[in-house]
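Chemist: My structure is in entry-v6.tsv, and what it holds is TSV, C-alpha atoms:
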```tsv
chain	number	residue	atom	x	y	z
A	21	LEU	CA	-88.49	-71.55	-19.65
A	22	ARG	CA	-89.59	-75.01	-20.69
A	23	ASN	CA	-93.17	-75.29	-19.35
A	24	ILE	CA	-95.78	-72.62	-19.98
A	25	SER	CA	-99.52	-72.48	-19.42
A	26	VAL	CA	-101.78	-70.57	-21.78
A	27	ILE	CA	-105.11	-68.94	-21.00
A	28	SER	CA	-106.91	-67.24	-23.86
A	29	ASN	CA	-110.32	-65.69	-24.44
A	30	PHE	CA	-113.04	-67.00	-26.72
A	31	ASN	CA	-112.12	-64.31	-29.21
A	32	GLU	CA	-110.52	-64.47	-32.64
A	33	TRP	CA	-107.60	-62.16	-31.77
A	34	SER	CA	-106.82	-63.99	-28.53
A	35	GLU	CA	-107.04	-67.41	-30.18
A	36	ILE	CA	-104.76	-66.41	-33.08
A	37	ILE	CA	-102.18	-64.82	-30.77
A	38	SER	CA	-102.29	-67.79	-28.38
A	39	GLN	CA	-101.85	-70.32	-31.16
A	40	SER	CA	-98.97	-68.34	-32.68
A	41	PHE	CA	-97.27	-68.28	-29.27
A	42	ILE	CA	-97.90	-72.01	-28.73
A	43	ASP	CA	-96.52	-72.92	-32.17
A	44	ALA	CA	-93.39	-70.79	-31.71
A	45	PHE	CA	-92.80	-71.95	-28.12
A	46	GLN	CA	-93.14	-75.62	-29.04
A	47	ALA	CA	-90.91	-75.19	-32.10
A	48	LEU	CA	-88.23	-73.93	-29.70
A	49	GLY	CA	-88.60	-77.10	-27.61
A	50	GLY	CA	-91.03	-75.77	-24.99
A	51	ASN	CA	-93.98	-77.60	-23.51
A	52	ILE	CA	-97.50	-76.21	-23.10
A	53	ASP	CA	-98.68	-77.94	-19.94
A	54	TYR	CA	-102.11	-76.29	-19.75
A	55	HIS	CA	-104.26	-74.43	-22.27
A	56	GLU	CA	-107.75	-73.19	-21.55
A	57	LYS	CA	-110.07	-70.62	-23.11
A	58	VAL	CA	-112.22	-68.41	-20.90
A	59	GLU	CA	-114.91	-65.85	-21.56
A	60	ILE	CA	-113.75	-62.24	-21.78
A	61	SER	CA	-116.20	-61.46	-18.97
A	62	SER	CA	-114.61	-64.05	-16.65
A	63	LYS	CA	-113.69	-62.54	-13.32
A	64	ASP	CA	-112.96	-65.71	-11.34
A	65	LEU	CA	-110.03	-67.62	-12.80
A	66	ARG	CA	-108.96	-69.31	-9.57
A	67	ILE	CA	-109.90	-72.80	-10.82
A	68	ASN	CA	-107.72	-72.32	-13.91
A	69	LEU	CA	-104.90	-70.96	-11.78
A	70	ALA	CA	-105.19	-73.84	-9.28
A	71	LYS	CA	-104.73	-76.27	-12.19
A	72	ILE	CA	-101.68	-74.31	-13.32
A	73	LEU	CA	-100.20	-74.32	-9.80
A	74	ASN	CA	-100.42	-78.14	-9.84
A	75	ARG	CA	-98.31	-78.34	-12.99
A	76	LYS	CA	-94.69	-77.49	-13.79
A	77	SER	CA	-95.64	-74.13	-15.31
A	78	GLU	CA	-92.84	-71.64	-15.16
A	79	GLY	CA	-95.03	-68.99	-16.73
A	80	ILE	CA	-98.51	-68.13	-17.92
A	81	TYR	CA	-99.18	-66.60	-21.32
A	82	PHE	CA	-102.57	-64.85	-21.39
A	83	PRO	CA	-103.40	-62.61	-24.35
A	84	THR	CA	-106.78	-61.62	-22.95
A	85	TYR	CA	-109.09	-58.64	-22.58
A	86	ASN	CA	-110.62	-57.12	-19.45
A	87	PRO	CA	-112.04	-58.09	-17.09
A	88	SER	CA	-110.36	-61.50	-17.43
A	89	LEU	CA	-106.96	-59.80	-17.98
A	90	GLN	CA	-106.90	-57.90	-14.68
A	91	SER	CA	-108.59	-60.74	-12.81
A	92	LEU	CA	-105.96	-63.24	-13.93
A	93	ILE	CA	-103.13	-60.95	-12.88
A	94	ARG	CA	-104.58	-60.20	-9.44
A	95	GLN	CA	-105.63	-63.77	-8.74
A	96	SER	CA	-102.32	-65.31	-9.89
A	97	ARG	CA	-100.51	-62.98	-7.50
A	98	GLY	CA	-103.02	-63.69	-4.72
A	99	LEU	CA	-102.62	-67.47	-5.12
A	100	GLY	CA	-98.85	-67.15	-4.95
A	101	PHE	CA	-97.91	-68.04	-8.52
A	102	LYS	CA	-94.14	-67.53	-8.66
A	103	GLY	CA	-93.60	-67.89	-12.40
A	104	TYR	CA	-93.49	-65.33	-15.18
A	105	LEU	CA	-96.57	-63.58	-16.52
A	106	PHE	CA	-96.82	-62.82	-20.24
A	107	THR	CA	-99.69	-61.07	-21.96
A	108	GLY	CA	-100.53	-59.68	-25.37
A	109	ASP	CA	-100.61	-56.05	-26.35
A	110	THR	CA	-103.89	-55.40	-24.52
A	111	LEU	CA	-102.22	-54.43	-21.24
A	112	SER	CA	-102.84	-50.68	-21.31
A	113	ASP	CA	-101.56	-47.77	-19.26
A	114	ALA	CA	-104.98	-47.70	-17.55
A	115	ASP	CA	-104.61	-51.39	-16.60
A	116	ILE	CA	-101.13	-50.76	-15.22
A	117	SER	CA	-102.43	-47.85	-13.17
A	118	THR	CA	-105.38	-49.86	-11.84
A	119	LEU	CA	-103.27	-52.93	-11.06
A	120	GLY	CA	-100.57	-50.98	-9.21
A	121	GLN	CA	-97.91	-53.30	-7.77
A	122	ASN	CA	-99.63	-56.29	-9.38
A	123	ALA	CA	-98.53	-54.98	-12.78
A	124	GLU	CA	-94.85	-55.33	-11.91
A	125	ASP	CA	-92.77	-57.84	-13.89
A	126	ILE	CA	-95.36	-58.61	-16.56
A	127	TYR	CA	-94.00	-59.14	-20.04
A	128	SER	CA	-96.04	-58.12	-23.05
A	129	THR	CA	-95.78	-59.64	-26.51
A	130	GLN	CA	-96.32	-57.35	-29.42
A	131	ALA	CA	-96.12	-57.44	-33.18
A	132	TYR	CA	-92.60	-56.49	-34.18
A	133	LEU	CA	-92.41	-53.37	-36.31
A	134	GLU	CA	-89.41	-53.16	-38.64
A	135	ASN	CA	-90.57	-50.29	-40.83
A	136	ARG	CA	-87.85	-47.70	-40.22
A	137	GLU	CA	-89.64	-45.19	-42.47
A	138	PHE	CA	-92.70	-45.29	-40.22
A	139	LEU	CA	-90.61	-44.96	-37.05
A	140	GLU	CA	-88.72	-41.97	-38.43
A	141	LYS	CA	-91.90	-40.23	-39.62
A	142	TYR	CA	-93.49	-40.80	-36.21
A	143	LYS	CA	-90.45	-39.31	-34.48
A	144	GLN	CA	-90.42	-36.28	-36.80
A	145	LYS	CA	-94.14	-35.59	-36.35
A	146	TYR	CA	-94.37	-36.09	-32.57
A	147	GLU	CA	-90.78	-35.28	-31.58
A	148	GLN	CA	-90.46	-38.52	-29.64
A	149	ASP	CA	-89.92	-42.19	-30.29
A	150	ALA	CA	-92.99	-44.24	-31.06
A	151	PRO	CA	-94.41	-45.72	-27.82
A	152	ALA	CA	-94.12	-49.47	-27.34
A	153	ILE	CA	-97.76	-49.90	-26.28
A	154	ASN	CA	-100.08	-50.03	-29.27
A	155	LEU	CA	-97.18	-49.52	-31.69
A	156	ALA	CA	-98.47	-52.41	-33.76
A	157	PHE	CA	-101.84	-50.67	-34.13
A	158	ALA	CA	-100.15	-47.50	-35.34
A	159	GLY	CA	-98.08	-49.56	-37.76
A	160	MET	CA	-101.14	-51.38	-39.08
A	161	GLY	CA	-102.91	-48.05	-39.56
A	162	TYR	CA	-99.88	-46.73	-41.44
A	163	ASP	CA	-99.86	-49.82	-43.66
A	164	ALA	CA	-103.63	-49.56	-44.24
A	165	ILE	CA	-103.33	-45.94	-45.41
A	166	ASN	CA	-100.47	-46.86	-47.75
A	167	PHE	CA	-102.57	-49.77	-49.08
A	168	ILE	CA	-105.52	-47.44	-49.74
A	169	LEU	CA	-103.22	-44.96	-51.49
A	170	ALA	CA	-101.83	-47.76	-53.67
A	171	ILE	CA	-105.39	-48.76	-54.64
A	172	LYS	CA	-106.19	-45.14	-55.48
A	173	GLN	CA	-103.06	-44.81	-57.62
A	174	ASN	CA	-103.84	-48.09	-59.38
A	175	LEU	CA	-107.40	-46.95	-60.13
A	176	GLN	CA	-106.13	-43.58	-61.36
A	177	SER	CA	-103.57	-45.24	-63.62
A	178	LYS	CA	-106.38	-47.28	-65.16
A	179	ASN	CA	-108.55	-44.17	-65.40
A	180	LEU	CA	-111.02	-45.68	-62.92
A	181	SER	CA	-110.69	-43.02	-60.21
A	182	ARG	CA	-114.46	-42.38	-60.30
A	183	HIS	CA	-114.82	-45.74	-58.50
A	184	PHE	CA	-112.49	-44.58	-55.75
A	185	ARG	CA	-114.50	-41.39	-55.22
A	186	SER	CA	-117.72	-43.37	-54.84
A	187	LEU	CA	-116.03	-45.75	-52.39
A	188	SER	CA	-114.60	-42.91	-50.30
A	189	LYS	CA	-118.06	-41.35	-49.92
A	190	ASN	CA	-119.39	-44.55	-48.29
```
Could you render the structure as structure tokens?
Modeler:
Amino acid sequence: LRNISVISNFNEWSEIISQSFIDAFQALGGNIDYHEKVEISSKDLRINLAKILNRKSEGIYFPTYNPSLQSLIRQSRGLGFKGYLFTGDTLSDADISTLGQNAEDIYSTQAYLENREFLEKYKQKYEQDAPAINLAFAGMGYDAINFILAIKQNLQSKNLSRHFRSLSKN
């Protein structure tokens, strides 16, 4: 793909993810031919989609939240957009169930998780591979716990563990 449109929400997560995608896509030689931010509560995105249909967009990247997420998917299908649809990691099982056939052929970007130790521990504990959806959240939680444990150990090594106990009570 060489021409992509981007629709993001007025939201820090959506803006960061969109900009990261834009930077990476352009670094690979791609062109962003449309970029617009919409309110999370937006349910009518037909004007945005009409603008995209008048461009060379081969795909739409939309790391958004509901209701704009589901609205964009339904309306892009309804207006006959033939390109690829890409979203962030907010497309949930509930969205897929609600969207039915409209959820077919949507690609989801997600933070890549390389931590083999985490993946093995997950598999041992739950007797299954870690699920793709929300894997990044589980990985961030794992990292956060390890970070807190490192702080605790550091405080204990400096004989300051009383500070950790007072923090953990709050």
Chemist: Between CA of Gln46 in chain A and CA of Arg22 in chain A, measure the distance and give it in Å to one decimal.
Modeler: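 Separation of CA of Gln46 in chain A and CA of Arg22 in chain A: 9.1 Å.
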Chemist: Work out how far CA of Gly108 in chain A is from CA of Tyr85 in chain A, in Å to one decimal.
Modeler: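 Computing it gives 9.1 Å between the two atoms.
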Chemist: What's the 12 Å shell around Gly120 in chain A, counting only C-alpha atoms, without same-chain residues fewer than 5 positions away, as a list in words?
Modeler: Gln90, Ile93, Arg94, Asp113, Ala114, Asp115, Asp125 and Ile126 of chain A
Chemist: Could you jot down the CA of Ser91 in chain A to CA of Ser61 in chain A separation for me, Å, one decimal place?
Modeler: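 So the two atoms, CA of Ser91 in chain A and CA of Ser61 in chain A, lie 9.8 Å apart.
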Chemist: Per residue of range 70-165 of chain A within 6 Å of range 28-40 of chain A, which atom pair is closest and at what distance in Å (one decimal), using all atoms listed in the file, listed by chain and increasing number, as a Markdown table?
Modeler:
```
| residue | atom | partner | partner_atom | distance |
| --- | --- | --- | --- | --- |
| A:Phe82 | CA | A:Ser28 | CA | 5.5 |
| A:Pro83 | CA | A:Ser34 | CA | 5.6 |
| A:Thr84 | CA | A:Asn29 | CA | 5.6 |
```
